[in-house]
Amino acid sequence: MGAATVAVTDATFDAEVRKSPVPVVVDFWAEWCGPCRQIGPALEELATEYAGKVKIVKVNVDENPDSPAALGVRGIPALFMFKDGQVVSNKVGAAPKAALENWIKSAI
């Protein structure tokens with residue numbers, strides 16, 4: 001079993017995301033958000049398939065409002081790709097697994 005997604009909080013965001021040695025996809029989500037729940041399983045699968053190449057983390061925006069606010073997140077699900085501590089790409093809204101995978105591949 002490979003790596004699954006990692007839950008990240010405002011407190012651990014810098015260590016888990018900005019200081020990561022591999023690119024990181026951050027999924028900003030909430031329990032009440034239907035489209036967020038739709039892409040959850042695809043992100044779990046991609047986390048396993050890309051283990052070691054890309055880290056996929058999830059930030060619950062209700063419990064951790066600072067990180068999304070700092071990045072200007074307005075709608076969820078919002079996906080941000082970080083590389084060497086910087087945002088290199090972002091994507092808002094749900095998408096099928098193939099589209100998510102293409103976005104990840106194009107950004108790494």
# chains A, B, ... in the order shown; residues from 1 in each chain; ligands from 1
$ residues_around --residues "A:Ala95" --least-positions-apart "4" --cutoff "10 Å" --atoms "only C-alpha atoms" --output "mmCIF file with N, CA and C atoms, in the first residue's frame"
data_model
loop_
_atom_site.group_PDB
_atom_site.id
_atom_site.type_symbol
_atom_site.label_atom_id
_atom_site.label_comp_id
_atom_site.auth_asym_id
_atom_site.auth_seq_id
_atom_site.Cartn_x
_atom_site.Cartn_y
_atom_site.Cartn_z
ATOM 1 N N PRO A 35 -18.834 18.494 -4.258
ATOM 2 C CA PRO A 35 -17.774 18.288 -5.254
ATOM 3 C C PRO A 35 -16.431 17.896 -4.620
ATOM 4 N N CYS A 36 -16.174 18.376 -3.389
ATOM 5 C CA CYS A 36 -14.934 17.997 -2.694
ATOM 6 C C CYS A 36 -14.927 16.499 -2.431
ATOM 7 N N GLN A 38 -16.553 14.294 -4.111
ATOM 8 C CA GLN A 38 -16.486 13.586 -5.396
ATOM 9 C C GLN A 38 -15.036 13.327 -5.807
ATOM 10 N N ILE A 39 -14.145 14.297 -5.612
ATOM 11 C CA ILE A 39 -12.765 14.120 -6.084
ATOM 12 C C ILE A 39 -11.884 13.429 -5.048
ATOM 13 N N ALA A 42 -10.433 9.929 -6.092
ATOM 14 C CA ALA A 42 -9.447 10.061 -7.176
ATOM 15 C C ALA A 42 -8.121 10.561 -6.614
ATOM 16 N N PRO A 77 -13.939 22.703 -4.229
ATOM 17 C CA PRO A 77 -12.549 22.346 -3.972
ATOM 18 C C PRO A 77 -11.577 23.237 -4.747
ATOM 19 N N LYS A 91 -6.072 25.018 -9.491
ATOM 20 C CA LYS A 91 -7.241 24.539 -10.227
ATOM 21 C C LYS A 91 -8.420 24.588 -9.256
ATOM 22 N N ALA A 99 -8.420 14.079 -15.682
ATOM 23 C CA ALA A 99 -8.090 15.501 -15.790
ATOM 24 C C ALA A 99 -7.193 15.937 -14.637
ATOM 25 N N LEU A 100 -7.469 15.419 -13.435
ATOM 26 C CA LEU A 100 -6.629 15.741 -12.278
ATOM 27 C C LEU A 100 -5.215 15.216 -12.504
ATOM 28 N N GLU A 101 -5.130 13.997 -13.036
ATOM 29 C CA GLU A 101 -3.814 13.400 -13.281
ATOM 30 C C GLU A 101 -3.041 14.188 -14.325
#
$ closest_atom_pairs --of "stretch 24-61 of chain A" --to "stretch 11-15 of chain A" --cutoff "10 Å" --atoms "only C-alpha atoms" --output "tab-separated table"
residue	atom	partner	partner_atom	distance
A:Val26	CA	A:Phe13	CA	9.6
A:Val57	CA	A:Phe13	CA	9.6
A:Val59	CA	A:Phe13	CA	8.7
$ residues_around --residues "A:Glu31" --least-positions-apart "4" --cutoff "9 Å" --atoms "only C-alpha atoms" --output "list in words"
Cys36, Arg37, Asn60 and Asp62 of chain A
$ select_by_dssp --residues "chain A" --states "alpha helix (DSSP H)" --output "PyMOL selection string"
chain A and resi 13+34-49+66-70+97-107
$ residues_around --residues "A:Val54" --least-positions-apart "3" --cutoff "6 Å" --atoms "only C-alpha atoms" --output "list in words"
Val22, Pro23, Val24 and Tyr50 of chain A
$ atom_distance --atom1 "atom CA of A:Glu45" --atom2 "atom CA of A:Trp32"
21.7 Å
$ residues_around --residues "A:Pro41" --least-positions-apart "6" --cutoff "12 Å" --atoms "only C-alpha atoms" --output "PDB file with all heavy atoms, in the first residue's frame"
ATOM      1  N   ALA A   4      -1.060   7.530   1.229  1.00  0.00           N
ATOM      2  CA  ALA A   4      -2.383   8.109   1.031  1.00  0.00           C
ATOM      3  C   ALA A   4      -2.247   9.624   1.206  1.00  0.00           C
ATOM      4  O   ALA A   4      -1.151  10.127   1.439  1.00  0.00           O
ATOM      5  CB  ALA A   4      -3.367   7.540   2.045  1.00  0.00           C
ATOM      6  N   THR A   5      -3.358  10.325   1.073  1.00  0.00           N
ATOM      7  CA  THR A   5      -3.302  11.767   1.294  1.00  0.00           C
ATOM      8  C   THR A   5      -3.036  12.035   2.768  1.00  0.00           C
ATOM      9  O   THR A   5      -3.333  11.215   3.630  1.00  0.00           O
ATOM     10  CB  THR A   5      -4.623  12.444   0.876  1.00  0.00           C
ATOM     11  OG1 THR A   5      -5.691  11.891   1.637  1.00  0.00           O
ATOM     12  CG2 THR A   5      -4.897  12.250  -0.614  1.00  0.00           C
ATOM     13  N   PRO A  35     -18.834  18.494  -4.258  1.00  0.00           N
ATOM     14  CA  PRO A  35     -17.774  18.288  -5.254  1.00  0.00           C
ATOM     15  C   PRO A  35     -16.431  17.896  -4.620  1.00  0.00           C
ATOM     16  O   PRO A  35     -15.656  17.158  -5.219  1.00  0.00           O
ATOM     17  CB  PRO A  35     -17.668  19.650  -5.952  1.00  0.00           C
ATOM     18  CG  PRO A  35     -18.987  20.304  -5.726  1.00  0.00           C
ATOM     19  CD  PRO A  35     -19.486  19.799  -4.404  1.00  0.00           C
ATOM     20  N   ALA A  47      -2.542   9.739  -5.038  1.00  0.00           N
ATOM     21  CA  ALA A  47      -1.520   9.819  -3.978  1.00  0.00           C
ATOM     22  C   ALA A  47      -0.732   8.517  -3.929  1.00  0.00           C
ATOM     23  O   ALA A  47       0.496   8.522  -3.760  1.00  0.00           O
ATOM     24  CB  ALA A  47      -2.169  10.103  -2.628  1.00  0.00           C
ATOM     25  N   THR A  48      -1.426   7.396  -4.105  1.00  0.00           N
ATOM     26  CA  THR A  48      -0.769   6.095  -4.092  1.00  0.00           C
ATOM     27  C   THR A  48       0.058   5.897  -5.365  1.00  0.00           C
ATOM     28  O   THR A  48       1.210   5.476  -5.307  1.00  0.00           O
ATOM     29  CB  THR A  48      -1.830   4.976  -3.973  1.00  0.00           C
ATOM     30  OG1 THR A  48      -2.580   5.203  -2.776  1.00  0.00           O
ATOM     31  CG2 THR A  48      -1.191   3.608  -3.905  1.00  0.00           C
ATOM     32  N   ALA A  94     -14.321  20.594  -9.131  1.00  0.00           N
ATOM     33  CA  ALA A  94     -14.131  19.146  -9.278  1.00  0.00           C
ATOM     34  C   ALA A  94     -13.787  18.822 -10.726  1.00  0.00           C
ATOM     35  O   ALA A  94     -14.158  19.549 -11.642  1.00  0.00           O
ATOM     36  CB  ALA A  94     -15.400  18.415  -8.855  1.00  0.00           C
ATOM     37  N   ALA A  95     -13.058  17.722 -10.911  1.00  0.00           N
ATOM     38  CA  ALA A  95     -12.706  17.252 -12.254  1.00  0.00           C
ATOM     39  C   ALA A  95     -12.565  15.743 -12.184  1.00  0.00           C
ATOM     40  O   ALA A  95     -12.279  15.190 -11.131  1.00  0.00           O
ATOM     41  CB  ALA A  95     -11.398  17.897 -12.703  1.00  0.00           C
ATOM     42  N   PRO A  96     -12.724  15.051 -13.321  1.00  0.00           N
ATOM     43  CA  PRO A  96     -12.526  13.607 -13.303  1.00  0.00           C
ATOM     44  C   PRO A  96     -11.061  13.258 -13.034  1.00  0.00           C
ATOM     45  O   PRO A  96     -10.166  14.096 -13.235  1.00  0.00           O
ATOM     46  CB  PRO A  96     -12.954  13.148 -14.698  1.00  0.00           C
ATOM     47  CG  PRO A  96     -13.236  14.357 -15.491  1.00  0.00           C
ATOM     48  CD  PRO A  96     -13.164  15.560 -14.616  1.00  0.00           C
ATOM     49  N   LYS A  97     -10.832  12.031 -12.603  1.00  0.00           N
ATOM     50  CA  LYS A  97      -9.480  11.605 -12.238  1.00  0.00           C
ATOM     51  C   LYS A  97      -8.478  11.847 -13.361  1.00  0.00           C
ATOM     52  O   LYS A  97      -7.370  12.322 -13.120  1.00  0.00           O
ATOM     53  CB  LYS A  97      -9.480  10.126 -11.837  1.00  0.00           C
ATOM     54  CG  LYS A  97      -8.100   9.650 -11.400  1.00  0.00           C
ATOM     55  CD  LYS A  97      -8.056   8.176 -11.064  1.00  0.00           C
ATOM     56  CE  LYS A  97      -6.632   7.723 -10.827  1.00  0.00           C
ATOM     57  NZ  LYS A  97      -6.515   6.289 -10.620  1.00  0.00           N
ATOM     58  N   LEU A 100      -7.469  15.419 -13.435  1.00  0.00           N
ATOM     59  CA  LEU A 100      -6.629  15.741 -12.278  1.00  0.00           C
ATOM     60  C   LEU A 100      -5.215  15.216 -12.504  1.00  0.00           C
ATOM     61  O   LEU A 100      -4.230  15.905 -12.226  1.00  0.00           O
ATOM     62  CB  LEU A 100      -7.211  15.128 -11.001  1.00  0.00           C
ATOM     63  CG  LEU A 100      -8.561  15.689 -10.534  1.00  0.00           C
ATOM     64  CD1 LEU A 100      -9.114  14.837  -9.394  1.00  0.00           C
ATOM     65  CD2 LEU A 100      -8.427  17.135 -10.096  1.00  0.00           C
TER      66      LEU A 100
END
$ select_by_dssp --residues "chain A" --states "strand (DSSP E or B)" --output "number ranges by chain"
A: 6-7, 24-29, 55-60, 78-83, 86-92
$ write_last_selection --atoms "N, CA and C atoms" --output "PDB file, in the first residue's frame"
ATOM      1  N   VAL A   6      -2.460  13.199   3.039  1.00  0.00           N
ATOM      2  CA  VAL A   6      -2.083  13.591   4.399  1.00  0.00           C
ATOM      3  C   VAL A   6      -2.943  14.777   4.810  1.00  0.00           C
ATOM      4  N   ALA A   7      -3.503  14.725   6.019  1.00  0.00           N
ATOM      5  CA  ALA A   7      -4.259  15.874   6.520  1.00  0.00           C
ATOM      6  C   ALA A   7      -3.271  16.914   7.043  1.00  0.00           C
ATOM      7  N   VAL A  24       3.968  19.233  -4.047  1.00  0.00           N
ATOM      8  CA  VAL A  24       2.805  18.946  -3.197  1.00  0.00           C
ATOM      9  C   VAL A  24       1.539  19.493  -3.843  1.00  0.00           C
ATOM     10  N   VAL A  25       0.515  18.655  -3.895  1.00  0.00           N
ATOM     11  CA  VAL A  25      -0.823  19.108  -4.293  1.00  0.00           C
ATOM     12  C   VAL A  25      -1.613  19.314  -3.008  1.00  0.00           C
ATOM     13  N   VAL A  26      -2.134  20.512  -2.823  1.00  0.00           N
ATOM     14  CA  VAL A  26      -2.959  20.813  -1.650  1.00  0.00           C
ATOM     15  C   VAL A  26      -4.414  20.876  -2.090  1.00  0.00           C
ATOM     16  N   ASP A  27      -5.235  20.059  -1.455  1.00  0.00           N
ATOM     17  CA  ASP A  27      -6.676  20.039  -1.723  1.00  0.00           C
ATOM     18  C   ASP A  27      -7.372  20.762  -0.577  1.00  0.00           C
ATOM     19  N   PHE A  28      -7.898  21.963  -0.862  1.00  0.00           N
ATOM     20  CA  PHE A  28      -8.689  22.692   0.144  1.00  0.00           C
ATOM     21  C   PHE A  28     -10.124  22.220   0.007  1.00  0.00           C
ATOM     22  N   TRP A  29     -10.691  21.702   1.106  1.00  0.00           N
ATOM     23  CA  TRP A  29     -11.997  21.059   1.050  1.00  0.00           C
ATOM     24  C   TRP A  29     -12.773  21.301   2.343  1.00  0.00           C
ATOM     25  N   LYS A  55       3.367  14.628  -3.362  1.00  0.00           N
ATOM     26  CA  LYS A  55       2.627  14.413  -2.109  1.00  0.00           C
ATOM     27  C   LYS A  55       1.277  15.116  -2.272  1.00  0.00           C
ATOM     28  N   ILE A  56       0.205  14.446  -1.886  1.00  0.00           N
ATOM     29  CA  ILE A  56      -1.128  15.059  -1.959  1.00  0.00           C
ATOM     30  C   ILE A  56      -1.651  15.215  -0.541  1.00  0.00           C
ATOM     31  N   VAL A  57      -1.963  16.452  -0.180  1.00  0.00           N
ATOM     32  CA  VAL A  57      -2.433  16.742   1.172  1.00  0.00           C
ATOM     33  C   VAL A  57      -3.800  17.422   1.114  1.00  0.00           C
ATOM     34  N   LYS A  58      -4.533  17.300   2.235  1.00  0.00           N
ATOM     35  CA  LYS A  58      -5.862  17.887   2.305  1.00  0.00           C
ATOM     36  C   LYS A  58      -5.935  18.858   3.477  1.00  0.00           C
ATOM     37  N   VAL A  59      -6.527  20.013   3.216  1.00  0.00           N
ATOM     38  CA  VAL A  59      -6.713  21.016   4.270  1.00  0.00           C
ATOM     39  C   VAL A  59      -8.208  21.279   4.411  1.00  0.00           C
ATOM     40  N   ASN A  60      -8.756  20.990   5.597  1.00  0.00           N
ATOM     41  CA  ASN A  60     -10.167  21.267   5.882  1.00  0.00           C
ATOM     42  C   ASN A  60     -10.290  22.773   6.164  1.00  0.00           C
ATOM     43  N   ALA A  78     -10.477  23.567  -4.097  1.00  0.00           N
ATOM     44  CA  ALA A  78      -9.407  24.320  -4.743  1.00  0.00           C
ATOM     45  C   ALA A  78      -8.129  23.511  -4.587  1.00  0.00           C
ATOM     46  N   LEU A  79      -7.458  23.265  -5.694  1.00  0.00           N
ATOM     47  CA  LEU A  79      -6.220  22.494  -5.686  1.00  0.00           C
ATOM     48  C   LEU A  79      -5.052  23.405  -6.028  1.00  0.00           C
ATOM     49  N   PHE A  80      -4.028  23.354  -5.210  1.00  0.00           N
ATOM     50  CA  PHE A  80      -2.825  24.154  -5.448  1.00  0.00           C
ATOM     51  C   PHE A  80      -1.623  23.230  -5.545  1.00  0.00           C
ATOM     52  N   MET A  81      -0.785  23.455  -6.542  1.00  0.00           N
ATOM     53  CA  MET A  81       0.457  22.693  -6.690  1.00  0.00           C
ATOM     54  C   MET A  81       1.611  23.561  -6.208  1.00  0.00           C
ATOM     55  N   PHE A  82       2.342  23.049  -5.215  1.00  0.00           N
ATOM     56  CA  PHE A  82       3.529  23.729  -4.701  1.00  0.00           C
ATOM     57  C   PHE A  82       4.776  22.987  -5.150  1.00  0.00           C
ATOM     58  N   LYS A  83       5.778  23.742  -5.543  1.00  0.00           N
ATOM     59  CA  LYS A  83       7.070  23.176  -5.916  1.00  0.00           C
ATOM     60  C   LYS A  83       8.118  24.094  -5.317  1.00  0.00           C
ATOM     61  N   GLN A  86       6.778  27.217  -3.566  1.00  0.00           N
ATOM     62  CA  GLN A  86       6.010  28.220  -4.317  1.00  0.00           C
ATOM     63  C   GLN A  86       4.822  27.575  -5.028  1.00  0.00           C
ATOM     64  N   VAL A  87       3.738  28.351  -5.187  1.00  0.00           N
ATOM     65  CA  VAL A  87       2.596  27.874  -5.972  1.00  0.00           C
ATOM     66  C   VAL A  87       2.989  27.924  -7.448  1.00  0.00           C
ATOM     67  N   VAL A  88       2.908  26.798  -8.139  1.00  0.00           N
ATOM     68  CA  VAL A  88       3.228  26.781  -9.566  1.00  0.00           C
ATOM     69  C   VAL A  88       1.973  26.618 -10.431  1.00  0.00           C
ATOM     70  N   SER A  89       0.888  26.162  -9.811  1.00  0.00           N
ATOM     71  CA  SER A  89      -0.345  25.988 -10.574  1.00  0.00           C
ATOM     72  C   SER A  89      -1.509  25.842  -9.603  1.00  0.00           C
ATOM     73  N   ASN A  90      -2.712  26.224 -10.050  1.00  0.00           N
ATOM     74  CA  ASN A  90      -3.880  25.948  -9.220  1.00  0.00           C
ATOM     75  C   ASN A  90      -5.097  25.688 -10.085  1.00  0.00           C
ATOM     76  N   LYS A  91      -6.072  25.018  -9.491  1.00  0.00           N
ATOM     77  CA  LYS A  91      -7.241  24.539 -10.227  1.00  0.00           C
ATOM     78  C   LYS A  91      -8.420  24.588  -9.256  1.00  0.00           C
ATOM     79  N   VAL A  92      -9.529  25.165  -9.704  1.00  0.00           N
ATOM     80  CA  VAL A  92     -10.708  25.261  -8.839  1.00  0.00           C
ATOM     81  C   VAL A  92     -11.818  24.396  -9.412  1.00  0.00           C
TER      82      VAL A  92
END
$ atom_distance --atom1 "atom CA of A:Asp84" --atom2 "atom CA of A:Ala70"
17.5 Å
$ atom_distance --atom1 "atom CA of A:Glu63" --atom2 "atom CA of A:Trp103"
26.9 Å
